[in-house]
$ cat protein33.txt   # compact mmCIF, C-alpha atoms and all ligand atoms
# COMPACT_ATOMS: atom_id res chain seq x y z
CA MET A 1 -108.00 -104.70 -39.66
CA SER A 2 -105.69 -103.01 -37.19
CA GLU A 3 -104.89 -104.47 -33.81
CA PRO A 4 -107.29 -102.58 -31.50
CA LEU A 5 -110.22 -104.11 -33.33
CA LEU A 6 -109.34 -107.41 -31.67
CA ASN A 7 -110.36 -105.77 -28.41
CA ALA A 8 -113.88 -105.53 -29.72
CA ASN A 9 -114.41 -109.19 -28.86
CA VAL A 10 -115.09 -108.57 -25.22
CA ASP A 11 -117.18 -110.35 -22.69
CA LEU A 12 -119.44 -107.96 -20.87
CA THR A 13 -118.62 -107.76 -17.21
CA GLY A 14 -120.78 -109.58 -14.76
CA GLY A 15 -119.28 -108.33 -11.51
CA VAL A 16 -117.80 -111.61 -10.29
CA PRO A 17 -115.26 -111.21 -7.46
CA GLY A 18 -111.91 -112.79 -8.30
CA VAL A 19 -109.70 -114.67 -5.84
CA ASP A 20 -108.03 -111.45 -4.71
CA GLY A 21 -111.33 -109.67 -4.22
CA ALA A 22 -111.03 -107.74 -7.47
CA LEU A 23 -113.93 -107.81 -9.90
CA ASP A 24 -113.40 -109.77 -13.07
CA PRO A 25 -115.44 -109.66 -16.23
CA GLY A 26 -118.03 -112.36 -15.72
CA PRO A 27 -118.79 -115.25 -18.03
CA GLN A 28 -122.55 -114.84 -17.74
CA ALA A 29 -122.60 -111.48 -19.47
CA PRO A 30 -123.57 -111.14 -23.13
CA LYS A 31 -120.93 -110.80 -25.84
CA HIS A 32 -120.55 -107.61 -27.79
CA HIS A 33 -118.59 -107.59 -30.99
CA LEU A 34 -118.56 -106.01 -34.40
CA THR A 35 -120.67 -107.52 -37.13
CA ARG A 36 -121.88 -106.34 -40.50
CA ASP A 37 -125.52 -105.71 -41.27
CA LYS A 38 -127.12 -106.56 -44.63
CA HIS A 39 -125.88 -103.26 -46.06
CA GLY A 40 -122.30 -104.09 -45.09
CA ASN A 41 -122.19 -101.50 -42.31
CA LEU A 42 -120.36 -102.31 -39.09
CA ARG A 43 -122.64 -102.85 -36.12
CA MET A 44 -121.41 -102.78 -32.56
CA GLN A 45 -123.66 -105.36 -31.01
CA ASP A 46 -124.58 -108.77 -32.28
CA ILE A 47 -127.65 -109.22 -30.13
CA SER A 48 -131.19 -110.28 -30.87
CA LEU A 49 -133.73 -107.79 -32.16
CA ALA A 50 -135.84 -108.28 -29.03
CA ARG A 51 -132.90 -107.32 -26.83
CA LYS A 52 -132.09 -104.35 -29.02
CA ILE A 53 -135.68 -103.14 -28.72
CA ARG A 54 -135.67 -103.64 -24.95
CA ASN A 55 -132.38 -101.75 -24.64
CA ARG A 56 -133.61 -98.91 -26.81
CA ILE A 57 -136.89 -98.53 -24.94
CA GLY A 58 -135.06 -98.67 -21.61
CA ILE A 59 -132.49 -96.07 -22.64
CA LEU A 60 -135.06 -93.67 -24.08
CA LEU A 61 -137.40 -93.88 -21.10
CA PHE A 62 -134.67 -93.74 -18.48
CA ASN A 63 -132.54 -90.97 -19.92
CA ASN A 64 -135.43 -88.73 -20.95
CA LEU A 65 -137.81 -89.31 -18.07
CA ILE A 66 -137.14 -91.78 -15.27
CA THR A 67 -133.71 -90.39 -14.35
CA PHE A 68 -135.44 -87.15 -13.28
CA VAL A 69 -138.04 -88.82 -11.01
CA PRO A 70 -137.18 -87.87 -7.40
CA SER A 71 -137.35 -91.42 -6.04
CA HIS A 72 -134.42 -93.78 -5.61
CA SER A 73 -136.71 -96.82 -5.75
CA VAL A 74 -138.44 -95.79 -8.97
CA ARG A 75 -135.16 -95.10 -10.76
CA GLN A 76 -133.37 -98.21 -9.56
CA ASN A 77 -136.27 -100.61 -10.02
CA PHE A 78 -136.66 -99.33 -13.56
CA LEU A 79 -132.96 -100.00 -14.22
CA ARG A 80 -133.25 -103.50 -12.73
CA LEU A 81 -136.30 -104.19 -14.89
CA PHE A 82 -134.24 -103.34 -17.97
CA GLY A 83 -131.34 -105.58 -17.03
CA ALA A 84 -129.03 -103.65 -14.70
CA THR A 85 -127.68 -105.32 -11.57
CA ILE A 86 -127.77 -102.96 -8.58
CA GLY A 87 -127.06 -103.96 -4.98
CA GLU A 88 -128.62 -102.77 -1.73
CA ASP A 89 -128.32 -99.29 -0.21
CA THR A 90 -126.92 -97.87 -3.44
CA SER A 91 -128.00 -94.54 -4.84
CA ILE A 92 -127.79 -93.10 -8.35
CA LEU A 93 -128.79 -89.46 -8.21
CA ARG A 94 -130.97 -87.64 -10.70
CA GLY A 95 -129.91 -86.72 -14.19
CA THR A 96 -127.51 -89.62 -14.66
CA THR A 97 -127.44 -90.96 -18.22
CA ILE A 98 -126.94 -94.67 -18.95
CA LEU A 99 -126.29 -96.27 -22.31
CA ASP A 100 -127.16 -99.95 -22.43
CA ILE A 101 -128.69 -100.48 -19.05
CA GLU A 102 -128.08 -104.23 -19.17
CA GLY A 103 -124.32 -103.59 -19.28
CA LEU A 104 -124.33 -101.88 -15.87
CA THR A 105 -123.49 -103.74 -12.64
CA ILE A 106 -123.24 -101.84 -9.34
CA GLY A 107 -122.60 -103.42 -5.94
CA ASN A 108 -123.89 -102.60 -2.47
CA CYS A 109 -123.76 -99.28 -0.65
CA CYS A 110 -122.45 -97.23 -3.55
CA SER A 111 -123.17 -93.55 -3.93
CA ILE A 112 -123.33 -92.12 -7.44
CA GLY A 113 -123.86 -88.40 -7.89
CA PHE A 114 -125.97 -86.20 -10.12
CA ARG A 115 -125.61 -86.07 -13.90
CA CYS A 116 -123.07 -88.84 -14.30
CA MET A 117 -122.76 -90.62 -17.64
CA PHE A 118 -122.25 -94.40 -17.85
CA ASP A 119 -121.70 -95.66 -21.36
CA ALA A 120 -122.10 -99.33 -20.47
CA ARG A 121 -122.25 -100.67 -24.02
CA GLY A 122 -118.97 -102.45 -23.37
CA GLY A 123 -119.91 -103.24 -19.75
CA ILE A 124 -119.27 -101.30 -16.55
CA THR A 125 -118.85 -103.21 -13.29
CA ILE A 126 -118.68 -101.32 -10.00
CA GLY A 127 -117.96 -103.03 -6.68
CA ASP A 128 -119.20 -102.25 -3.15
CA ASN A 129 -118.79 -99.02 -1.15
CA VAL A 130 -117.80 -97.02 -4.22
CA VAL A 131 -118.38 -93.26 -4.35
CA ILE A 132 -118.67 -91.59 -7.74
CA ALA A 133 -119.19 -87.84 -7.45
CA SER A 134 -121.42 -85.77 -9.72
CA ASP A 135 -120.74 -85.17 -13.41
CA THR A 136 -118.32 -88.06 -13.75
CA HIS A 137 -118.27 -89.68 -17.18
CA PHE A 138 -117.46 -93.29 -18.04
CA ILE A 139 -116.58 -93.64 -21.72
CA GLY A 140 -117.63 -96.94 -23.30
CA GLY A 141 -115.26 -97.30 -26.21
CA PHE A 142 -113.56 -95.57 -29.09
CA HIS A 143 -113.13 -95.61 -32.85
CA ASP A 144 -110.06 -96.81 -34.68
CA HIS A 145 -109.42 -93.46 -36.37
CA ASN A 146 -106.71 -94.92 -38.63
CA ASP A 147 -109.07 -97.47 -40.13
CA PRO A 148 -110.98 -96.32 -43.24
CA GLU A 149 -114.16 -97.80 -41.77
CA PHE A 150 -113.71 -95.91 -38.47
CA PRO A 151 -114.86 -99.03 -36.57
CA PRO A 152 -116.28 -98.61 -33.07
CA ILE A 153 -114.56 -100.60 -30.32
CA LEU A 154 -116.33 -101.28 -27.03
CA GLN A 155 -114.34 -102.03 -23.90
CA PRO A 156 -115.41 -103.10 -20.40
CA THR A 157 -114.43 -101.09 -17.34
CA VAL A 158 -114.15 -102.41 -13.79
CA VAL A 159 -114.14 -100.32 -10.61
CA ASP A 160 -113.23 -102.21 -7.43
CA ASP A 161 -114.54 -101.74 -3.89
CA TYR A 162 -113.95 -98.49 -1.97
CA VAL A 163 -112.91 -96.46 -4.99
CA TRP A 164 -113.67 -92.74 -4.76
CA ILE A 165 -113.97 -90.87 -8.05
CA ALA A 166 -114.25 -87.14 -7.37
CA SER A 167 -116.40 -84.69 -9.33
CA ARG A 168 -116.19 -84.24 -13.07
CA ALA A 169 -113.65 -86.97 -13.69
CA THR A 170 -113.62 -88.77 -17.03
CA ILE A 171 -112.78 -92.47 -17.13
CA MET A 172 -111.80 -93.80 -20.54
CA SER A 173 -112.96 -97.25 -21.65
CA GLY A 174 -111.37 -100.59 -20.87
CA LEU A 175 -109.82 -99.61 -17.54
CA HIS A 176 -109.49 -101.27 -14.16
CA ILE A 177 -109.56 -98.97 -11.15
CA GLY A 178 -108.13 -100.90 -8.22
CA ARG A 179 -109.54 -101.32 -4.72
CA GLY A 180 -109.55 -98.17 -2.65
CA ALA A 181 -108.12 -95.96 -5.40
CA VAL A 182 -108.94 -92.25 -5.55
CA VAL A 183 -109.41 -90.22 -8.75
CA ALA A 184 -109.12 -86.49 -8.09
CA GLY A 185 -111.69 -84.03 -9.40
CA CYS A 186 -111.67 -83.12 -13.11
CA SER A 187 -109.11 -85.82 -13.94
CA MET A 188 -108.88 -87.69 -17.21
CA VAL A 189 -108.03 -91.35 -16.51
CA ARG A 190 -106.45 -93.13 -19.49
CA LYS A 191 -104.65 -96.02 -17.80
CA ASP A 192 -105.43 -98.59 -15.13
CA VAL A 193 -105.24 -97.25 -11.59
CA GLY A 194 -103.58 -99.44 -8.96
CA ALA A 195 -105.18 -100.32 -5.62
CA LEU A 196 -104.92 -97.44 -3.12
CA ASP A 197 -103.37 -95.12 -5.69
CA VAL A 198 -104.50 -91.48 -5.57
CA VAL A 199 -104.35 -90.13 -9.13
CA GLY A 200 -105.18 -86.76 -10.63
CA GLY A 201 -104.72 -84.44 -13.57
CA VAL A 202 -105.09 -84.60 -17.34
CA PRO A 203 -103.94 -87.22 -18.07
CA ALA A 204 -104.16 -88.62 -14.52
CA LYS A 205 -100.84 -89.35 -12.78
CA LYS A 206 -100.18 -90.85 -9.38
CA LEU A 207 -100.23 -88.21 -6.63
CA SER A 208 -100.01 -90.33 -3.48
CA THR A 209 -101.05 -93.58 -1.83
CA ARG A 210 -104.13 -93.97 0.32
CA ASP A 211 -104.09 -95.37 3.86
CA PRO A 212 -105.55 -98.92 3.60
CA ASN A 213 -107.02 -98.56 7.11
CA ALA A 214 -109.44 -95.99 5.71
CA LEU A 215 -111.37 -98.64 3.79
CA GLN A 216 -113.99 -99.41 6.43
CA TYR A 217 -116.85 -97.00 5.74
CA LYS A 218 -120.31 -97.52 4.27
CA PRO A 219 -121.01 -94.55 1.98
CA LYS A 220 -124.78 -95.00 1.89
CA TYR A 221 -126.40 -91.74 0.73
CA ARG A 222 -130.11 -91.85 -0.03
CA PRO A 223 -131.73 -88.58 1.04
CA LEU A 224 -135.48 -88.45 0.42
CA PHE A 225 -136.51 -87.08 -2.99
CA TYR A 226 -132.90 -86.84 -4.25
C1 LIG B 301 -108.41 -85.91 -4.53
C2 LIG B 301 -108.31 -84.74 -3.56
C3 LIG B 301 -109.19 -85.05 -2.38
C4 LIG B 301 -106.82 -84.67 -3.20
O1 LIG B 301 -106.68 -84.22 -1.89
P1 LIG B 301 -105.26 -84.33 -1.11
O2 LIG B 301 -104.79 -85.74 -1.03
O3 LIG B 301 -105.46 -83.61 0.15
O4 LIG B 301 -104.24 -83.63 -2.08
P2 LIG B 301 -103.52 -82.21 -1.92
O5 LIG B 301 -104.56 -81.12 -1.96
O6 LIG B 301 -102.61 -82.26 -0.74
O7 LIG B 301 -102.66 -82.16 -3.25
C5 LIG B 301 -101.60 -83.07 -3.46
C6 LIG B 301 -101.07 -82.88 -4.86
O8 LIG B 301 -102.08 -83.35 -5.76
C7 LIG B 301 -102.39 -82.31 -6.69
N1 LIG B 301 -103.83 -82.39 -6.96
C8 LIG B 301 -104.83 -82.36 -6.06
N2 LIG B 301 -106.00 -82.42 -6.66
C9 LIG B 301 -105.76 -82.50 -7.98
C10 LIG B 301 -106.60 -82.57 -9.11
N3 LIG B 301 -107.92 -82.60 -9.01
N4 LIG B 301 -106.01 -82.63 -10.31
C11 LIG B 301 -104.67 -82.59 -10.43
N5 LIG B 301 -103.81 -82.52 -9.38
C12 LIG B 301 -104.36 -82.45 -8.17
C13 LIG B 301 -102.04 -81.03 -5.98
O9 LIG B 301 -101.79 -79.98 -6.90
C14 LIG B 301 -100.83 -81.42 -5.23
O10 LIG B 301 -99.71 -81.42 -6.10
P3 LIG B 301 -98.31 -80.74 -5.65
O11 LIG B 301 -97.87 -81.55 -4.46
O12 LIG B 301 -97.45 -80.90 -6.85
O13 LIG B 301 -98.66 -79.35 -5.29
C15 LIG B 301 -108.80 -83.41 -4.09
O14 LIG B 301 -107.84 -82.77 -4.88
C16 LIG B 301 -110.03 -83.52 -4.98
O15 LIG B 301 -110.00 -83.94 -6.12
N6 LIG B 301 -111.19 -83.14 -4.44
C17 LIG B 301 -112.43 -83.18 -5.16
C18 LIG B 301 -113.55 -83.29 -4.18
C19 LIG B 301 -114.84 -83.67 -4.81
O16 LIG B 301 -114.98 -83.88 -5.98
N7 LIG B 301 -115.85 -83.76 -3.98
C20 LIG B 301 -117.17 -84.19 -4.39
C21 LIG B 301 -117.85 -84.87 -3.24
S1 LIG B 301 -117.85 -86.64 -3.39

$ encode --input "protein33.txt" --output "structure tokens" --more "lines below"
Ligand SMILES: CC(C)(COP(=O)(O)OP(=O)(O)OC[C@H]1O[C@@H](n2cnc3c(N)ncnc32)[C@H](O)[C@@H]1OP(=O)(O)O)[C@@H](O)C(=O)NCCC(=O)NCCS
Amino acid sequence: MSEPLLNANVDLTGGVPGVDGALDPGPQAPKHHLTRDKHGNLRMQDISLARKIRNRIGILLFNNLITFVPSHSVRQNFLRLFGATIGEDTSILRGTTILDIEGLTIGNCCSIGFRCMFDARGGITIGDNVVIASDTHFIGGFHDHNDPEFPPILQPTVVDDYVWIASRATIMSGLHIGRGAVVAGCSMVRKDVGALDVVGGVPAKKLSTRDPNALQYKPKYRPLFY
């Protein structure tokens, strides 16, 4: 098996702040790795049938129905019921799609726009005071396209406090976006982004550095019926 497959043995992120305030993948999260089923096919997640059923029901109900209900409480309590961790004063606007709800951790006072896509099968951990504008996509993994079995590889992504991701950005899997970083609109992020870095373009490159004194706001955004 080629080298990237080793990355498939990842711990899902649990949103635990590290010593420097950055979020680290947490030990309490479930493990995802490749296994083979009885037919010899590769399977992405070695989890119990009960959990698979819960995940599937949660995904189908949320993405087809609940995500369009114009109530922050209904949407977020549903996500919590199906295993997501979501802090206080956070909003996730309508039309957002989530794959593997239990892999999603979002901190306090975050604002997430309309029609975002979070593929959290490898784990997505978002800190506090993060703004993610509409139509942003988080990719959950990739396939080893040089392997004859085309194996899927899931990777966790971590977004630290005070990050702003502008509209229509795409964040590839397995990345760490550092505290206070900015991702410009329509960017494709392929590599880790350093704290306070402003990046943009396809692929995203560093454009400037953000003023650290700016990181004091509370981007709560919960208009009624949004
Ligand atoms: C990130 C953003 C705020 C940058 O603003 P800024 O710091 O004032 O940057 P500037 O407009 O001065 O541009 C600086 C450089 O970055 C480049 N740049 C800016 N935005 C870019 C983008 N989205 N993609 C690629 N390059 C970009 C500019 O071309 C410029 O390059 P140059 O110096 O070679 O000409 C802005 O470009 C952006 O992405 N806005 C999106 C807003 C949005 O999505 N709002 C939703 C509400 S949350």

$ closest_atom_pairs --input "protein33.txt" --of "chain A" --to "ligand LIG 301 (chain B)" --cutoff "12 Å" --atoms "only C-alpha atoms and all ligand atoms" --output "CSV"
residue,atom,partner,partner_atom,distance
A:Cys110,CA,B:LIG301,S1,11.5
A:Ser111,CA,B:LIG301,S1,8.7
A:Ile112,CA,B:LIG301,S1,8.7
A:Gly113,CA,B:LIG301,S1,7.7
A:Phe114,CA,B:LIG301,S1,10.6
A:Val130,CA,B:LIG301,S1,10.4
A:Val131,CA,B:LIG301,S1,6.7
A:Ile132,CA,B:LIG301,S1,6.6
A:Ala133,CA,B:LIG301,S1,4.4
A:Ser134,CA,B:LIG301,C20,7.0
A:Asp135,CA,B:LIG301,O16,9.5
A:Thr136,CA,B:LIG301,O16,9.4
A:Val163,CA,B:LIG301,S1,11.1
A:Trp164,CA,B:LIG301,S1,7.5
A:Ile165,CA,B:LIG301,O16,7.4
A:Ala166,CA,B:LIG301,O16,3.6
A:Ser167,CA,B:LIG301,O16,3.7
A:Arg168,CA,B:LIG301,O16,7.2
A:Ala169,CA,B:LIG301,O16,8.4
A:Thr170,CA,B:LIG301,N3,11.6
A:Ala181,CA,B:LIG301,C1,10.1
A:Val182,CA,B:LIG301,C1,6.4
A:Val183,CA,B:LIG301,C1,6.1
A:Ala184,CA,B:LIG301,O15,3.3
A:Gly185,CA,B:LIG301,O15,3.7
A:Cys186,CA,B:LIG301,N3,5.6
A:Ser187,CA,B:LIG301,N4,5.7
A:Met188,CA,B:LIG301,N4,9.0
A:Val189,CA,B:LIG301,N4,10.9
A:Leu196,CA,B:LIG301,O2,11.9
A:Asp197,CA,B:LIG301,C1,10.6
A:Val198,CA,B:LIG301,C1,6.9
A:Val199,CA,B:LIG301,C1,7.4
A:Gly200,CA,B:LIG301,C11,4.2
A:Gly201,CA,B:LIG301,C11,3.6
A:Val202,CA,B:LIG301,C11,7.2
A:Pro203,CA,B:LIG301,C11,9.0
A:Ala204,CA,B:LIG301,C11,7.3
A:Lys205,CA,B:LIG301,C11,8.1
A:Lys206,CA,B:LIG301,O8,8.5
A:Leu207,CA,B:LIG301,O8,5.3
A:Ser208,CA,B:LIG301,O2,7.1
A:Thr209,CA,B:LIG301,O2,8.7
A:Arg210,CA,B:LIG301,O2,8.4
A:Asp211,CA,B:LIG301,O2,10.8
A:Pro219,CA,B:LIG301,S1,10.1
A:Tyr221,CA,B:LIG301,S1,10.8

$ atom_distance --input "protein33.txt" --atom1 "atom CA of Ile59 of chain A" --atom2 "atom CA of Leu81 of chain A"
11.9 Å

$ residues_around --input "protein33.txt" --residues "segment 141-157 of chain A" --least-positions-apart "2" --cutoff "6 Å" --atoms "all atoms listed in the file" --output "ChimeraX atom specification"
/A:8,122-124,139,173-176

$ residues_near_point --input "protein33.txt" --point "(-124.0, -95.7, -18.5)" --cutoff "9 Å" --atoms "all atoms listed in the file" --output "list in words"
Thr96, Thr97, Ile98, Leu99, Asp100, Ile101, Gly103, Leu104, Cys116, Met117, Phe118, Asp119, Ala120, Arg121, Gly123, Ile124, His137, Phe138, Ile139 and Gly140 of chain A

$ atom_distance --input "protein33.txt" --atom1 "atom CA of Asn55 of chain A" --atom2 "atom CA of Glu102 of chain A"
7.4 Å

$ atom_distance --input "protein33.txt" --atom1 "atom CA of Gly194 of chain A" --atom2 "atom CA of Gly178 of chain A"
4.8 Å

$ closest_residue --input "protein33.txt" --among "A:Arg54, A:Arg179, A:Lys38, A:Lys191" --to "Pro212 of chain A" --atoms "all atoms listed in the file"
A:Arg179

$ axis_aligned_box --input "protein33.txt" --around "segment 161-164 of chain A" --padding-each-side "3 Å" --output "lines of an AutoDock Vina configuration file"
center_x = -113.7
center_y = -97.2
center_z = -3.5
size_x = 7.6
size_y = 15.0
size_z = 9.0

$ closest_residue --input "protein33.txt" --among "A:Asn77, A:Asn64, A:Thr125, A:Asn213" --to "Val159 of chain A" --atoms "only C-alpha atoms"
A:Thr125

$ closest_residue --input "protein33.txt" --among "A:Ser71, A:Thr105, A:Thr85, A:Thr90" --to "Ile126 of chain A" --atoms "all atoms listed in the file"
A:Thr105

$ residues_around --input "protein33.txt" --residues "Leu215 of chain A" --least-positions-apart "5" --cutoff "9 Å" --atoms "all atoms listed in the file" --output "list in words"
Asn129, Asp161, Tyr162 and Gly180 of chain A

$ write_last_selection --input "protein33.txt" --atoms "C-alpha atoms" --output "PDB file, in the frame of the given file"
ATOM      1  CA  ASN A 129    -118.790 -99.020  -1.150  1.00  0.00           C
ATOM      2  CA  ASP A 161    -114.540-101.740  -3.890  1.00  0.00           C
ATOM      3  CA  TYR A 162    -113.950 -98.490  -1.970  1.00  0.00           C
ATOM      4  CA  GLY A 180    -109.550 -98.170  -2.650  1.00  0.00           C
TER       5      GLY A 180
END

$ closest_residue --input "protein33.txt" --among "A:Val69, A:Gly107, A:Lys52, A:Lys220" --to "Phe82 of chain A" --atoms "all atoms listed in the file"
A:Lys52

$ closest_residue --input "protein33.txt" --among "A:Gly58, A:Ala214, A:Gly40, A:Gly95" --to "Phe78 of chain A" --atoms "only C-alpha atoms"
A:Gly58
